[in-house]
Every structure is written in C-alpha cells, then in structure tokens.
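Shown next: run30.cif, given as mmCIF, C-alpha atoms.
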```cif
data_upload
loop_
_atom_site.group_PDB
_atom_site.id
_atom_site.type_symbol
_atom_site.label_atom_id
_atom_site.label_comp_id
_atom_site.auth_asym_id
_atom_site.auth_seq_id
_atom_site.Cartn_x
_atom_site.Cartn_y
_atom_site.Cartn_z
ATOM 1 C CA MET A 19 -13.285 70.307 183.670
ATOM 2 C CA LYS A 20 -10.306 70.964 181.376
ATOM 3 C CA ARG A 21 -8.049 68.844 183.591
ATOM 4 C CA THR A 22 -10.545 65.966 183.550
ATOM 5 C CA PHE A 23 -10.754 66.138 179.741
ATOM 6 C CA PHE A 24 -6.936 66.152 179.467
ATOM 7 C CA LEU A 25 -6.604 63.120 181.765
ATOM 8 C CA ILE A 26 -9.175 61.240 179.692
ATOM 9 C CA ASN A 27 -7.188 62.076 176.545
ATOM 10 C CA LEU A 28 -4.016 60.807 178.215
ATOM 11 C CA VAL A 29 -5.639 57.485 179.133
ATOM 12 C CA ILE A 30 -7.026 57.049 175.607
ATOM 13 C CA PHE A 31 -3.703 57.962 173.997
ATOM 14 C CA CYS A 32 -1.748 55.563 176.233
ATOM 15 C CA ALA A 33 -3.989 52.731 175.087
ATOM 16 C CA PHE A 34 -2.858 53.252 171.484
ATOM 17 C CA VAL A 35 0.907 53.462 172.079
ATOM 18 C CA TYR A 36 2.742 50.172 172.115
ATOM 19 C CA ALA A 37 6.316 48.985 171.805
ATOM 20 C CA GLN A 38 7.149 45.999 169.626
ATOM 21 C CA GLU A 39 10.699 44.837 168.978
ATOM 22 C CA ILE A 40 10.954 44.051 165.282
ATOM 23 C CA LYS A 41 14.655 43.565 164.598
ATOM 24 C CA ARG A 42 17.857 42.467 166.332
ATOM 25 C CA LEU A 43 21.273 43.731 165.308
ATOM 26 C CA GLU A 44 24.763 43.255 166.664
ATOM 27 C CA PRO A 45 25.103 45.633 169.639
ATOM 28 C CA LEU A 46 27.663 48.381 169.289
ATOM 29 C CA LYS A 47 30.991 48.008 171.030
ATOM 30 C CA ASP A 48 32.054 50.666 173.517
ATOM 31 C CA ASN A 49 34.276 52.370 170.929
ATOM 32 C CA GLU A 50 31.643 52.308 168.159
ATOM 33 C CA THR A 51 29.160 55.047 167.285
ATOM 34 C CA LEU A 52 26.492 55.579 164.647
ATOM 35 C CA GLU A 53 26.252 58.026 161.784
ATOM 36 C CA TYR A 54 23.857 58.255 158.860
ATOM 37 C CA ILE A 55 23.705 59.134 155.182
ATOM 38 C CA PHE A 56 20.374 59.968 153.538
ATOM 39 C CA ASN A 57 20.184 59.202 149.832
ATOM 40 C CA THR A 58 17.669 61.634 148.340
ATOM 41 C CA GLY A 59 17.584 59.717 145.045
ATOM 42 C CA ASN A 60 16.032 56.562 146.459
ATOM 43 C CA SER A 61 14.941 57.773 149.928
ATOM 44 C CA ILE A 62 17.150 55.295 151.770
ATOM 45 C CA LEU A 63 18.597 56.187 155.154
ATOM 46 C CA GLN A 64 21.880 54.336 155.499
ATOM 47 C CA ILE A 65 23.019 53.757 159.096
ATOM 48 C CA LEU A 66 26.752 53.267 159.534
ATOM 49 C CA LYS A 67 28.819 52.267 162.535
ATOM 50 C CA ASN A 68 32.342 53.465 163.000
ATOM 51 C CA ASN A 69 35.295 53.399 165.337
ATOM 52 C CA SER A 70 38.677 55.060 165.162
ATOM 53 C CA SER A 71 39.870 52.851 162.297
ATOM 54 C CA LYS A 72 36.938 51.997 159.997
ATOM 55 C CA THR A 73 33.330 52.616 158.990
ATOM 56 C CA THR A 74 30.949 49.795 158.016
ATOM 57 C CA ASN A 75 27.281 49.410 157.069
ATOM 58 C CA TYR A 76 24.959 48.725 160.000
ATOM 59 C CA TYR A 77 21.358 48.989 158.771
ATOM 60 C CA SER A 78 19.359 50.415 155.861
ATOM 61 C CA ILE A 79 16.008 52.172 156.353
ATOM 62 C CA TYR A 80 13.640 52.306 153.394
ATOM 63 C CA ASN A 81 10.462 54.347 152.836
ATOM 64 C CA THR A 82 11.525 57.359 154.851
ATOM 65 C CA SER A 83 12.137 60.976 153.867
ATOM 66 C CA TRP A 84 14.652 63.709 154.540
ATOM 67 C CA GLY A 85 14.525 64.946 158.135
ATOM 68 C CA MET A 86 12.459 62.040 159.464
ATOM 69 C CA TYR A 87 15.262 60.901 161.768
ATOM 70 C CA GLN A 88 17.098 62.085 164.874
ATOM 71 C CA ILE A 89 20.259 60.821 166.554
ATOM 72 C CA THR A 90 21.237 60.895 170.213
ATOM 73 C CA GLU A 91 24.014 63.105 171.512
ATOM 74 C CA SER A 92 26.114 59.979 172.220
ATOM 75 C CA LYS A 93 25.460 58.779 168.655
ATOM 76 C CA LYS A 94 24.380 55.389 169.964
ATOM 77 C CA GLY A 95 20.688 55.580 169.018
ATOM 78 C CA ILE A 96 18.528 56.813 166.128
ATOM 79 C CA LEU A 97 14.814 57.599 166.003
ATOM 80 C CA PHE A 98 13.160 57.438 162.585
ATOM 81 C CA PHE A 99 9.748 57.516 160.907
ATOM 82 C CA GLU A 100 8.381 55.473 158.035
ATOM 83 C CA ASP A 101 6.917 57.949 155.554
ATOM 84 C CA THR A 102 3.296 56.946 154.930
ATOM 85 C CA PHE A 103 2.236 60.502 153.996
ATOM 86 C CA GLU A 104 -0.179 60.572 156.935
ATOM 87 C CA GLU A 105 -0.339 62.889 159.939
ATOM 88 C CA LYS A 106 0.632 59.927 162.143
ATOM 89 C CA MET A 107 3.305 57.547 160.918
ATOM 90 C CA PRO A 108 5.137 54.458 162.254
ATOM 91 C CA MET A 109 7.904 55.589 164.618
ATOM 92 C CA TYR A 110 10.930 53.394 165.360
ATOM 93 C CA TYR A 111 13.948 53.598 167.635
ATOM 94 C CA LEU A 112 17.240 51.896 166.823
ATOM 95 C CA ASP A 113 19.101 51.287 170.080
ATOM 96 C CA GLY A 114 22.723 50.613 169.179
ATOM 97 C CA ASN A 115 23.697 49.690 172.732
ATOM 98 C CA LYS A 116 21.132 46.879 172.800
ATOM 99 C CA GLY A 117 21.198 46.096 169.103
ATOM 100 C CA THR A 118 17.415 46.417 168.730
ATOM 101 C CA ILE A 119 14.904 48.225 166.533
ATOM 102 C CA THR A 120 11.550 48.843 168.216
ATOM 103 C CA LEU A 121 8.278 50.073 166.712
ATOM 104 C CA TYR A 122 6.219 52.453 168.888
ATOM 105 C CA GLY A 123 3.077 52.627 166.769
ATOM 106 C CA ASN A 124 1.779 55.508 164.673
ATOM 107 C CA ILE A 125 2.934 58.823 166.118
ATOM 108 C CA LYS A 126 2.286 62.362 164.941
ATOM 109 C CA PHE A 127 5.301 63.619 163.001
ATOM 110 C CA GLY A 128 7.140 66.366 164.846
ATOM 111 C CA ALA A 129 7.822 64.260 167.929
ATOM 112 C CA ARG A 130 11.255 64.956 169.362
ATOM 113 C CA LEU A 131 13.805 62.521 170.797
ATOM 114 C CA ASP A 132 15.683 63.866 173.807
ATOM 115 C CA SER A 133 19.481 64.012 173.731
ATOM 116 C CA THR A 134 19.886 60.807 175.797
ATOM 117 C CA GLY A 135 17.614 58.571 173.734
ATOM 118 C CA LYS A 136 15.348 57.725 176.672
ATOM 119 C CA TYR A 137 12.353 60.001 176.046
ATOM 120 C CA VAL A 138 10.256 61.327 173.180
ATOM 121 C CA LEU A 139 8.054 64.391 173.496
ATOM 122 C CA LEU A 140 4.787 64.086 171.549
ATOM 123 C CA GLN A 141 1.867 66.321 170.754
ATOM 124 C CA GLU A 142 -1.119 64.130 170.003
ATOM 125 C CA SER A 143 -4.347 65.789 171.102
ATOM 126 C CA GLY A 144 -5.758 69.089 172.285
ATOM 127 C CA LEU A 145 -4.470 72.531 171.450
ATOM 128 C CA SER A 146 -1.402 72.352 173.665
ATOM 129 C CA ASP A 147 -1.349 68.946 175.371
ATOM 130 C CA PHE A 148 1.918 67.014 175.245
ATOM 131 C CA PHE A 149 2.961 63.511 176.275
ATOM 132 C CA ILE A 150 6.324 62.159 177.411
ATOM 133 C CA LEU A 151 6.998 58.666 176.052
ATOM 134 C CA ASN A 152 9.606 56.525 177.820
ATOM 135 C CA LEU A 153 11.334 54.461 175.129
ATOM 136 C CA GLU A 154 12.732 52.001 177.661
ATOM 137 C CA THR A 155 9.338 50.997 179.064
ATOM 138 C CA GLY A 156 7.168 51.823 176.038
ATOM 139 C CA ASN A 157 4.833 53.767 178.329
ATOM 140 C CA ASN A 158 3.736 57.390 178.424
ATOM 141 C CA GLU A 159 5.056 58.611 181.759
ATOM 142 C CA LYS A 160 3.047 61.804 181.997
ATOM 143 C CA GLY A 161 1.001 64.410 180.175
ATOM 144 C CA VAL A 162 1.839 68.099 180.182
ATOM 145 C CA SER A 163 -0.426 71.010 179.252
ATOM 146 C CA TRP A 164 0.755 74.497 178.282
ATOM 147 C CA ASN A 165 -1.706 77.259 179.070
ATOM 148 C CA LEU A 166 -1.318 80.185 176.686
ATOM 149 C CA HIS A 167 -3.363 83.395 176.564
ATOM 150 C CA ASP A 168 -5.116 82.934 173.213
ATOM 151 C CA LYS A 169 -3.873 79.830 171.412
ATOM 152 C CA GLU A 170 -7.293 79.145 169.854
ATOM 153 C CA HIS A 171 -7.104 82.326 167.779
ATOM 154 C CA TRP A 172 -3.713 81.411 166.327
ATOM 155 C CA TYR A 173 -4.661 77.786 165.684
ATOM 156 C CA LYS A 174 -7.452 79.011 163.413
ATOM 157 C CA HIS A 175 -4.826 80.896 161.402
ATOM 158 C CA GLY A 176 -2.503 77.888 161.021
ATOM 159 C CA ALA A 177 -0.126 78.185 163.992
ATOM 160 C CA GLY A 178 1.537 75.060 165.381
ATOM 161 C CA PHE A 179 4.098 73.807 167.863
ATOM 162 C CA SER A 180 7.776 73.118 167.232
ATOM 163 C CA LEU A 181 9.394 70.633 169.642
ATOM 164 C CA LEU A 182 13.164 70.881 170.071
ATOM 165 C CA ARG A 183 15.925 69.863 172.473
ATOM 166 C CA ALA A 184 16.798 72.515 175.031
ATOM 167 C CA THR A 185 20.519 72.549 174.379
ATOM 168 C CA ASP A 186 20.801 76.172 175.491
ATOM 169 C CA LYS A 187 19.594 75.474 179.063
ATOM 170 C CA ASP A 188 21.100 72.569 181.005
ATOM 171 C CA GLU A 189 18.249 72.428 183.507
ATOM 172 C CA TYR A 190 15.652 71.663 180.802
ATOM 173 C CA ASP A 191 15.165 68.822 178.353
ATOM 174 C CA TYR A 192 12.954 70.444 175.728
ATOM 175 C CA LEU A 193 12.374 73.802 174.096
ATOM 176 C CA ILE A 194 8.825 74.326 172.772
ATOM 177 C CA GLU A 195 7.763 77.109 170.442
ATOM 178 C CA PHE A 196 4.296 78.081 169.252
ATOM 179 C CA ARG A 197 4.852 79.469 165.762
ATOM 180 C CA ILE A 198 3.176 80.747 162.638
ATOM 181 C CA GLU A 199 5.247 80.954 159.474
ATOM 182 C CA ARG A 200 8.453 82.858 160.432
ATOM 183 C CA LEU A 201 7.058 84.307 163.644
ATOM 184 C CA THR A 202 7.207 82.953 167.192
ATOM 185 C CA ILE A 203 4.074 83.426 169.268
ATOM 186 C CA ALA A 204 5.234 81.764 172.506
ATOM 187 C CA LYS A 205 8.315 80.017 173.853
ATOM 188 C CA GLY A 206 8.709 77.660 176.807
ATOM 189 C CA TYR A 207 11.014 75.075 178.360
ATOM 190 C CA LEU A 208 10.162 71.631 179.725
ATOM 191 C CA ASN A 209 11.950 69.641 182.401
ATOM 192 C CA ILE A 210 10.821 66.005 182.059
ATOM 193 C CA GLU A 211 11.138 65.155 185.741
ATOM 194 C CA GLU A 212 9.132 68.196 186.864
ATOM 195 C CA GLY A 213 6.581 67.812 184.065
ATOM 196 C CA ILE A 214 5.991 71.568 183.885
ATOM 197 C CA ILE A 215 6.482 73.938 180.945
ATOM 198 C CA LYS A 216 8.088 77.193 182.061
ATOM 199 C CA THR A 217 6.938 80.013 179.775
ATOM 200 C CA GLU A 218 9.712 82.349 178.642
ATOM 201 C CA PHE A 219 7.262 84.569 176.778
ATOM 202 C CA ASP A 220 3.647 84.355 175.611
ATOM 203 C CA ASP A 221 2.620 86.856 172.931
ATOM 204 C CA SER A 222 -0.513 84.985 171.865
ATOM 205 C CA ASP A 223 -2.656 87.916 172.970
ATOM 206 C CA LYS A 224 -0.741 90.334 170.719
ATOM 207 C CA LYS A 225 -1.221 91.315 167.092
ATOM 208 C CA GLU A 226 0.843 89.735 164.324
ATOM 209 C CA ILE A 227 2.866 92.911 163.802
ATOM 210 C CA GLU A 228 4.042 92.651 167.429
ATOM 211 C CA LEU A 229 5.315 89.054 167.174
ATOM 212 C CA ARG A 230 9.012 88.148 167.233
ATOM 213 C CA GLN A 231 10.956 86.715 164.321
ATOM 214 C CA SER A 232 11.588 82.985 164.631
ATOM 215 C CA VAL A 233 15.071 81.699 165.425
ATOM 216 C CA ASN A 234 16.787 79.177 163.151
ATOM 217 C CA TYR A 235 17.830 76.433 165.559
ATOM 218 C CA GLY A 236 20.803 74.233 164.681
ATOM 219 C CA GLU A 237 21.526 70.521 164.698
ATOM 220 C CA ALA A 238 21.956 70.237 168.461
ATOM 221 C CA TYR A 239 18.325 71.304 168.882
ATOM 222 C CA THR A 240 16.889 69.068 166.159
ATOM 223 C CA GLY A 241 19.073 65.967 166.541
ATOM 224 C CA TRP A 242 20.148 66.102 162.867
ATOM 225 C CA TYR A 243 23.874 65.896 163.554
#
```
Would you mind writing the structure in this file as structure tokens?
Amino acid sequence: MKRTFFLINLVIFCAFVYAQEIKRLEPLKDNETLEYIFNTGNSILQILKNNSSKTTNYYSIYNTSWGMYQITESKKGILFFEDTFEEKMPMYYLDGNKGTITLYGNIKFGARLDSTGKYVLLQESGLSDFFILNLETGNNEKGVSWNLHDKEHWYKHGAGFSLLRATDKDEYDYLIEFRIERLTIAKGYLNIEEGIIKTEFDDSDKKEIELRQSVNYGEAYTGWY
C-alpha cells in the first residue's frame, strides 16, 4: 500500500515539474570558469566568468537571498532560487557550457545539486520520499524512499531532512541527514544509479538525550564554494 501511494505521488509530482529555457548567454570557453559574489545590501547574485588573465561580468541574478545558490565542482554551472518567501520557489540552472538558463518550476527549497551539475535531489512529498531530477532532460528519473524506525514522532517535533553532496564517499552522490536543531537522528548515503539510500545509522527510535551532535559540513558538501 505504501509503495502504491509513493508511486502515485511520483506520477503527480512529475506532472508539475517542467523545464523551460528562459535565457541564452555566450557559452564558456574551455579555459573559463564561473564564480559568484553575493551582495547582501541589494540581494544581487553577481555571476562572473574568469580565465587565467581576467575576470568579467557574466550575469546578474536579482530577487534571491544568501545561500540560495550552488555551484558545480567544475565551476561551469550554477543552480539558484528566486526568493518568493514560499516553501516552493522558482529554481533555475545556469549551464555555462551551453550558455543557457533554464527554469525548472517551483521546487521546495533545500534541493541539492550534485557535484557534476546533472542531477538535483528533491524532497517534495511524504515523510521521507525523495526525487532525482535530471537537469539535462527535465524529467524526474526516479523516486527514492528512506524507511526509518520512527520518523513520524520526530516530524511532529520539528525534525527535517538535510540534503548534501557525499564528498566523503566516492561511491555515493548524496549524503542525507534527518536532523532536529543541532542533533542528527539518522544518516544515509544515496547512489543515484542504484536509487537506494544506505543507512549509516538510524537513531529515530532513541530518546533525544541519546542523539548525536550534528556535524558542520563544509563548502564541498553544500556547493557554496
């Protein structure tokens, strides 16, 4: 029954995700990469392109906020959100190799771009149901569910999921934590191709005093280089 409900959710969610190219830029040359500067005074995200000799303006993003952007490991692509102060906000991907900016509809903030710039991991429905969006096709390739001992109890107390890049394990693409405040309830790793979350630990059936302190993950995990 649970699987049937999850598959129905996946079909419904896929119907609402779309990809629409909204802007064309000059594609980056092989020796050019992207970097960004966020101006907190006017909430403008300035995208720059640089090579070994100079740095020039590439594109300006308005109506965003601090932290609502992620860059690929190659520094050729940037994912960003338009800040509408809603749970789901317009999500865009700037592909420097192609010179395009594409809108992928309203996505729940907290989605995570993988290090290559091909996939985004989303959490859109259910207590622990995730979707893998392929940015190249604009389609959700698969849905993944994470079965934890007692996630319902922690949800009622304000727990949520943190989606990160799995830079500490080469065989995985994403690191997922179930957290409440500064405590980690469960931790798992996701390989996109396998579509399975491997649980490293699940303490959701334990008391708060038994939970582990959360780890402060760095820029390689978040994509905020």
Taken to one decimal, the atom CA of A:Ile214-atom CA of A:Leu131 distance is 17.7 Å
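You can rank A:Glu189, A:Glu211, A:Asp223, A:Glu154 by their closest distance to A:Thr118 using all atoms listed in the file, and at the top of that list sits A:Glu154.
When all atoms listed in the file are used to measure the gap to A:Asp168, the shortest distance among A:Glu142, A:Asp48, A:Asp220, A:Glu91 belongs to A:Asp220.
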Q: Apply the PyMOL selection byres ((chain A and resi 156) around 8) to the file shown and report the selected residues as a PyMOL selection string.
A: chain A and resi 35-37+122+151-155+157-158
> Can you list, as a ChimeraX atom specification, the residues that the PyMOL selection byres ((chain A and resi 126) around 7) selects here?
Replying inline: /A:105-107,124-125,127-129,142
* Which neighbours of stretch 57-63 of chain A fall inside 10 Å, counting all atoms listed in the file, when residues of the same chain fewer than 5 positions from it are skipped, and could you give them as JSON, numbers by chain? -> {"A": [77, 78, 79, 80, 81, 82, 83, 84, 86, 87, 98, 101]}
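Coordinates place atom CA of A:Pro108 at a distance of 5.3 Å from atom CA of A:Gly123.
The residues caught by the PyMOL selection byres ((chain A and resi 193) around 7) in this file are A:Leu181, A:Leu182, A:Arg183, A:Ala184, A:Tyr192, A:Ile194, A:Glu195, A:Gly206, A:Tyr207, A:Leu208.
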